[in-house]
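Input: a single structure, listed below in structure tokens.
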Amino acid sequence: MEAAYNFKEIMNKPERLAPGHRMCAGCGGTIAVRGVLRALHEGDRAVIGNATGCLEVSSFMYPYTAYEDSYIHNAFENAGATLSGVETAYRVLKKRGKIQEDYKFITFGGDGGTYDIGFQSLSGAMERGHDMVYVCYDNGAYMNTGTQRSSATPQFADTTTTPAGKVSNGKVQVRKDLAAIMAEHHIPYVGQTTFTNNFKDLHTKAEKAIYTPGAAFLNILSPCPRGWGYEPSELMNICRTAVDTCYWPLYEVVDGKWILSYEPKTKLPIEEFLRSQRRFRHLFKPENEELIGEFQKEVDKRWEELRTRCS
Amino acid sequence: MAVRERLSGNEAVAYAIRQINPDVMPAFPITPSTEIPQYVANYIANGEIDTEFIPVESEHSSMSAAVGASAAGARTLTATSSCGLALMWEELYVAASNRLPVVLALVNRALSGPININADHSDSMGARDSGWIQIYAESNQEAYDNFLQAYPIAEHKDVMLPVMICQDGFITSHGVENILLVEDELVKEFVGEREPEHYLLNPNETLAVGPYAVSNYYMETKRGQRQAMINARRVILEVAERFRAMTGREYGFFEAYHLEDAEYAIVIIGSAAGTCKAAIDQIRNTTGKKVGLLKIRVFRPFPEEEIAAALAHVKAVAILDRSEMFSATGGPLGAEVRAALYQAKCGAEAVNYLYGLGGRDITVEDFCQVYEKLERIAAEHRITDMYEYIGLRSR
């Protein structure tokens, strides 16, 4: 299944998310979507689902769609259930001889639609084992409504519902580990990835997720220039430091086996990830030094847990 | 030959589903509609049908999956009641505005709170503005017959709207009655196959469903839905006529019982119409007073002109609602029927009562008292008990 990865070849595949959509410059979500759709083999048909969010309102504004494939948006909290209906319709129509063609099913949701309001719908769809991929483009807050905190928002992030202020240091709680929760559903494939270097990790995991029979979940760190506060040109550096600080480890869980995809030669201090983002600016005040220490501790703890699971 | 059976309302609807063998059924259990997916799951388990059943984790997901399946091109249905319908709320609008011919077997039950599992119409009446066709049944026979007519209406190219087939919880859904069933082959021929025009899995074209459409397009969408609802009036009657030709059983927007010469009329929806008919028979046999009934079958689209015409000659009419809407002026059926009478410049006195909330029984005696009140209202041209609850406890 897995051919040798050729960056140039992959990047030159015809786009399945056409230009002309209205996503922001420097948006990680768009890159995540294009990256996943690139993993579809040429000529293979797909139905793309989408939870309400930035991506949906920017890529399917009536009467224009940016999708080359059939596409369905239903609502915010039900991308899992909606695509499970589409996939079931496919199976029954095929069984009854009403369609002959093969289709793949991929749905996208932000962390709001996936970690929070659509969590139940996602869990149900995964548990039922529909042959589909649920892709979360995780930008760590409700960006479509203006950067409100989600359960994917990291601790201490300054959001519009957890503002850093005179007596507040941003979000109090640590973030939910959704990929691990999905792995505990004992589905055939879970991958956590982002785009670094030559996009190989994203491409390989997306391809595995799409072409593994049964339910699959992909969690893709997808920075948001408006919500995180960075220059669009910094996007790839932010993803790289997220991975090299082990804030966002790259791993997969294949049939229950936890596999670390990448271990940095030198684990960078968390400041490398935090510094370029406006949402963490308050942490760099001299009096907040210990907060960075706390953040580091949480990263270290989770990294060690993951290494144990992968060993 | 029609098959004579004894079935509950839930069994009757499940039997219709078995005969139709639809493509996809997502469902989540809720009293009193739970039996419907259970029966269907059993049909599937025993190889009697090959519908794909999706055991979803909530009613919101059952309607969400139904939207996905229907958009994909599959003939789709679900069943629910009460809070289950309330949880689907958002999705009811999505199904209707995407013009998806989903069918919902609704077993009417009171909405919380307090939590109550018995019949009233607060669930479906709350969904009356969602863009669904709503067809109500008095009996198991009607629930079955209405269900058989649902897809031919929903999937008609001039309609393309979802349809809710409603029956009263427990009274109809669990009460066993004699029923005439249509032969399987005739049902198959009557209901036919879904032939979608545009759908996600069409190999010849791609389709995008569920756009973001702002103020320059939204209003036209609504106008399109309105036109579909207007067209549904014609299609519902055409399908009813085809059904009559097959079974001999006649259906329209409503049933008129001793209404032609009636001076005093009741307008009602659902199973209580049977009790009302018993009261009419009793009054006419004992006193000869001219009392009658208009039993609504189709509430959406609302047959305004036809209702007003049917009531044009009565002296007084009582509209009985089985759901509150807390307008502090009456119930939803009362509001719409009174508006219809006003629009038609109908001179009848019109009073609106509420009854049967949360399954409270309504008796023949209660209906007799309503007719007595109507006689008094007509004589005095004065209504003193507008919006009264029938059968309310005094303490």
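FYI, nothing fancy with the structure tokens labels: chains A, B, ... in order, residues from 1 per chain, ligands from 1 as they appear.
Those residues that approach B:Gly126 to within 10 Å, counting only C-alpha atoms, are Ser82, Leu85, Ala86, Trp89, Leu111, His121, Ser323, Glu324, Met325 and Pro332 of chain B; same-chain residues fewer than 5 positions away are not listed.
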Selected residues written out with C-alpha atoms, as a short mmCIF file (atom, residue, chain, number, x, y, z; two decimals), in the first residue's frame:
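To be explicit, this is the file written out as selection-v4.cif:
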data_model
loop_
_atom_site.label_atom_id
_atom_site.label_comp_id
_atom_site.auth_asym_id
_atom_site.auth_seq_id
_atom_site.Cartn_x
_atom_site.Cartn_y
_atom_site.Cartn_z
CA SER B 82 -41.12 13.53 22.73
CA LEU B 85 -37.84 14.82 18.67
CA ALA B 86 -36.78 17.81 20.74
CA TRP B 89 -34.83 19.96 16.55
CA LEU B 111 -42.45 16.94 26.39
CA HIS B 121 -48.97 16.64 20.85
CA SER B 323 -50.60 20.76 23.46
CA GLU B 324 -49.86 24.02 25.21
CA MET B 325 -48.00 26.76 23.43
CA PRO B 332 -51.60 25.94 18.18
#
- Task: Can you list, as number ranges by chain, all residues belonging to stretch 120-223 of chain B that DSSP tags as helix (DSSP H, G or I)?
- Result: B: 122-126, 140-154, 184-191, 218-223
Written file, previous selection with C-alpha atoms, as a JSON list (two decimals), in the first residue's frame:
[["chain", "number", "residue", "atom", "x", "y", "z"],
["B", 122, "SER", "CA", -46.44, 19.03, 22.36],
["B", 123, "ASP", "CA", -43.58, 17.26, 20.56],
["B", 124, "SER", "CA", -44.88, 17.48, 16.99],
["B", 125, "MET", "CA", -46.67, 20.80, 17.51],
["B", 126, "GLY", "CA", -43.40, 22.31, 18.63],
["B", 140, "ASN", "CA", -53.74, 1.92, 14.00],
["B", 141, "GLN", "CA", -55.29, 1.51, 10.56],
["B", 142, "GLU", "CA", -54.70, 5.16, 9.80],
["B", 143, "ALA", "CA", -51.14, 5.09, 11.16],
["B", 144, "TYR", "CA", -50.40, 2.17, 8.83],
["B", 145, "ASP", "CA", -52.17, 3.69, 5.83],
["B", 146, "ASN", "CA", -50.51, 7.07, 6.37],
["B", 147, "PHE", "CA", -47.10, 5.45, 6.57],
["B", 148, "LEU", "CA", -47.63, 3.71, 3.23],
["B", 149, "GLN", "CA", -48.44, 7.08, 1.68],
["B", 150, "ALA", "CA", -45.44, 8.87, 3.21],
["B", 151, "TYR", "CA", -42.71, 8.12, 0.63],
["B", 152, "PRO", "CA", -44.87, 8.74, -2.45],
["B", 153, "ILE", "CA", -45.58, 12.20, -1.00],
["B", 154, "ALA", "CA", -42.07, 12.96, 0.30],
["B", 184, "ASP", "CA", -46.75, -6.99, 0.04],
["B", 185, "GLU", "CA", -46.68, -6.83, -3.77],
["B", 186, "LEU", "CA", -49.26, -4.06, -3.85],
["B", 187, "VAL", "CA", -47.27, -2.05, -1.30],
["B", 188, "LYS", "CA", -44.09, -2.45, -3.33],
["B", 189, "GLU", "CA", -45.89, -1.27, -6.44],
["B", 190, "PHE", "CA", -47.59, 1.62, -4.60],
["B", 191, "VAL", "CA", -44.47, 2.90, -2.87],
["B", 218, "TYR", "CA", -31.35, 32.44, 2.19],
["B", 219, "MET", "CA", -34.77, 33.92, 1.50],
["B", 220, "GLU", "CA", -35.10, 32.16, -1.87],
["B", 221, "THR", "CA", -34.41, 28.86, -0.11],
["B", 222, "LYS", "CA", -37.34, 29.50, 2.20],
["B", 223, "ARG", "CA", -39.56, 30.48, -0.71]]
- Check every residue of chain A for an atom within 9 Å of chain B, counting only C-alpha atoms, and provide those that qualify as JSON, numbers by chain. {"A": [45, 46, 47, 56, 57, 58, 59, 60, 61, 62, 63, 64, 65, 67, 68, 69, 70, 71, 72, 73, 74, 75, 78, 79, 80, 81, 82, 83, 84, 85, 86, 87, 88, 89, 90, 91, 92, 93, 96, 99, 100, 101, 103, 120, 121, 123, 124, 125, 128]}
Output file for the selection above: C-alpha atoms, as a PDB file, in the first residue's frame:
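As written to disk, out.pdb reads:
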ATOM      1  CA  ARG A  45     -13.952   8.792  -5.414  1.00  0.00           C
ATOM      2  CA  ALA A  46     -14.710  10.277  -2.015  1.00  0.00           C
ATOM      3  CA  VAL A  47     -17.483  12.007  -0.114  1.00  0.00           C
ATOM      4  CA  GLU A  56     -17.115  25.131   6.143  1.00  0.00           C
ATOM      5  CA  VAL A  57     -18.179  28.758   5.972  1.00  0.00           C
ATOM      6  CA  SER A  58     -15.090  29.609   3.928  1.00  0.00           C
ATOM      7  CA  SER A  59     -15.086  26.709   1.483  1.00  0.00           C
ATOM      8  CA  PHE A  60     -18.783  26.275   0.653  1.00  0.00           C
ATOM      9  CA  MET A  61     -20.377  29.697   0.364  1.00  0.00           C
ATOM     10  CA  TYR A  62     -23.413  29.324  -1.838  1.00  0.00           C
ATOM     11  CA  PRO A  63     -23.296  29.111  -4.847  1.00  0.00           C
ATOM     12  CA  TYR A  64     -19.574  28.197  -4.834  1.00  0.00           C
ATOM     13  CA  THR A  65     -17.883  25.100  -3.515  1.00  0.00           C
ATOM     14  CA  TYR A  67     -14.488  20.761  -3.223  1.00  0.00           C
ATOM     15  CA  GLU A  68     -13.853  18.673  -6.299  1.00  0.00           C
ATOM     16  CA  ASP A  69     -15.551  15.723  -4.584  1.00  0.00           C
ATOM     17  CA  SER A  70     -19.104  15.342  -3.310  1.00  0.00           C
ATOM     18  CA  TYR A  71     -19.369  17.154  -0.005  1.00  0.00           C
ATOM     19  CA  ILE A  72     -21.831  17.443   2.854  1.00  0.00           C
ATOM     20  CA  HIS A  73     -22.036  19.920   5.682  1.00  0.00           C
ATOM     21  CA  ASN A  74     -24.834  19.307   8.143  1.00  0.00           C
ATOM     22  CA  ALA A  75     -24.294  21.127  11.437  1.00  0.00           C
ATOM     23  CA  ASN A  78     -22.723  15.952  14.057  1.00  0.00           C
ATOM     24  CA  ALA A  79     -20.042  15.429  11.412  1.00  0.00           C
ATOM     25  CA  GLY A  80     -19.481  11.903  12.759  1.00  0.00           C
ATOM     26  CA  ALA A  81     -23.146  10.913  12.645  1.00  0.00           C
ATOM     27  CA  THR A  82     -23.729  12.584   9.284  1.00  0.00           C
ATOM     28  CA  LEU A  83     -20.915  10.776   7.533  1.00  0.00           C
ATOM     29  CA  SER A  84     -21.933   7.520   9.216  1.00  0.00           C
ATOM     30  CA  GLY A  85     -25.283   7.972   7.454  1.00  0.00           C
ATOM     31  CA  VAL A  86     -23.581   8.600   4.120  1.00  0.00           C
ATOM     32  CA  GLU A  87     -21.290   5.598   4.545  1.00  0.00           C
ATOM     33  CA  THR A  88     -24.225   3.359   5.499  1.00  0.00           C
ATOM     34  CA  ALA A  89     -26.187   4.572   2.471  1.00  0.00           C
ATOM     35  CA  TYR A  90     -23.176   3.632   0.351  1.00  0.00           C
ATOM     36  CA  ARG A  91     -23.058   0.125   1.757  1.00  0.00           C
ATOM     37  CA  VAL A  92     -26.756  -0.515   1.263  1.00  0.00           C
ATOM     38  CA  LEU A  93     -26.942   1.018  -2.216  1.00  0.00           C
ATOM     39  CA  ARG A  96     -28.634  -3.578  -3.636  1.00  0.00           C
ATOM     40  CA  ILE A  99     -24.249   1.898  -7.381  1.00  0.00           C
ATOM     41  CA  GLN A 100     -21.136   0.134  -8.611  1.00  0.00           C
ATOM     42  CA  GLU A 101     -18.385   2.655  -7.856  1.00  0.00           C
ATOM     43  CA  TYR A 103     -16.075   5.613  -2.436  1.00  0.00           C
ATOM     44  CA  GLN A 120     -20.582  12.255  21.334  1.00  0.00           C
ATOM     45  CA  SER A 121     -21.332  12.054  17.633  1.00  0.00           C
ATOM     46  CA  SER A 123     -17.466   8.661  19.633  1.00  0.00           C
ATOM     47  CA  GLY A 124     -20.639   6.975  18.385  1.00  0.00           C
ATOM     48  CA  ALA A 125     -19.473   6.886  14.778  1.00  0.00           C
ATOM     49  CA  ARG A 128     -19.943   1.688  15.381  1.00  0.00           C
TER      50      ARG A 128
END
- Message: So that I can see what lies close to A:Arg240, please list as number ranges by chain the residues with an atom at most 6 Å from it, counting only C-alpha atoms and leaving out residues fewer than 3 positions away in the same chain.
- Response: A: 196, 237, 243
- Item | Test item: residues at most 7 Å from B:Gly84, only C-alpha atoms, excluding those fewer than 4 positions along its chain, as a list of chain:residue names |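 Counting only C-alpha atoms, the residues come to B:Ile30, B:Glu59, B:Thr80, B:Met88.
Closest approach to A:Lys297 from the set A:Cys239, A:Cys27, A:Ala180, A:Val174 is made by A:Val174, with distances taken over only C-alpha atoms.
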- Please return as a ChimeraX atom specification: the residues of stretch 83-128 of chain A that backbone DSSP assigns to strand (DSSP E). /A:103-110
Just to be explicit: take each residue in the selection above, keep N, CA and C atoms, and write the result as a compact mmCIF listing (two decimals), in the first residue's frame.
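Result file again_11.txt:
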# COMPACT_ATOMS: atom_id res chain seq x y z
N TYR A 103 -16.22 4.28 -3.03
CA TYR A 103 -16.07 5.61 -2.44
C TYR A 103 -15.32 5.52 -1.13
N LYS A 104 -14.60 6.58 -0.80
CA LYS A 104 -13.98 6.73 0.51
C LYS A 104 -14.72 7.86 1.23
N PHE A 105 -14.68 7.84 2.56
CA PHE A 105 -15.43 8.82 3.34
C PHE A 105 -14.51 9.50 4.35
N ILE A 106 -14.41 10.82 4.22
CA ILE A 106 -13.50 11.60 5.07
C ILE A 106 -14.28 12.79 5.59
N THR A 107 -14.24 13.04 6.89
CA THR A 107 -14.91 14.23 7.38
C THR A 107 -13.97 15.08 8.21
N PHE A 108 -14.15 16.38 8.12
CA PHE A 108 -13.30 17.34 8.81
C PHE A 108 -14.09 18.10 9.87
N GLY A 109 -13.45 18.30 11.00
CA GLY A 109 -14.05 19.16 12.03
C GLY A 109 -12.94 19.88 12.75
N GLY A 110 -13.22 21.07 13.23
CA GLY A 110 -12.27 21.76 14.09
C GLY A 110 -12.30 21.16 15.48
Find the residues near B:Ile171: any atom within 9 Å, counting only C-alpha atoms, skip ones fewer than 2 places away on the same chain, and give them as a PDB file with C-alpha atoms, in the first residue's frame.
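Saved to around-v8.pdb:
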ATOM      1  CA  GLY B   9     -49.932   1.055  16.151  1.00  0.00           C
ATOM      2  CA  ASN B 118     -47.929   9.580  27.804  1.00  0.00           C
ATOM      3  CA  ALA B 119     -49.636  11.052  24.802  1.00  0.00           C
ATOM      4  CA  SER B 139     -56.272   4.657  14.730  1.00  0.00           C
ATOM      5  CA  GLN B 167     -49.798   8.584  16.120  1.00  0.00           C
ATOM      6  CA  ASP B 168     -50.724   8.999  19.772  1.00  0.00           C
ATOM      7  CA  GLY B 169     -48.385   7.379  22.272  1.00  0.00           C
ATOM      8  CA  SER B 173     -48.986   2.883  19.564  1.00  0.00           C
ATOM      9  CA  HIS B 174     -49.657   0.154  22.134  1.00  0.00           C
ATOM     10  CA  GLY B 175     -53.410  -0.407  21.773  1.00  0.00           C
ATOM     11  CA  SER B 271     -56.957   9.302  18.798  1.00  0.00           C
ATOM     12  CA  GLY B 359     -52.019  11.520  28.658  1.00  0.00           C
TER      13      GLY B 359
END
- Item | Contacts of A:Tyr262 at 10 Å (only C-alpha atoms; same-chain gap of 5+ positions) as a PyMOL selection string | chain A and resi 201+243-244+246+249-251
Restrict the selected residues to C-alpha atoms and save them as a PDB file, in the first residue's frame.
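And here is the file that came out, selection_13.pdb:
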ATOM      1  CA  ASP A 201       4.205  12.331   8.295  1.00  0.00           C
ATOM      2  CA  VAL A 243       6.874  18.733  17.539  1.00  0.00           C
ATOM      3  CA  ASP A 244      10.475  19.332  18.661  1.00  0.00           C
ATOM      4  CA  CYS A 246       7.203  17.401  22.337  1.00  0.00           C
ATOM      5  CA  PRO A 249       4.239  14.396  19.540  1.00  0.00           C
ATOM      6  CA  LEU A 250       3.775  12.567  16.262  1.00  0.00           C
ATOM      7  CA  TYR A 251       2.454   9.068  16.854  1.00  0.00           C
TER       8      TYR A 251
END
- Shell of 7 Å around A:Pro188, only C-alpha atoms, local chain residues under 3 positions omitted, as a list of chain:residue names: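 So the residues in contact are A:Gly214, A:Ala215, A:Ala216, A:Val254, A:Asp255.
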- For atom CA of A:Ile210 and atom CA of A:Gly191, the interatomic separation in Å (one decimal):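 Calculated distance between atom CA of A:Ile210 and atom CA of A:Gly191 is 11.3 Å.
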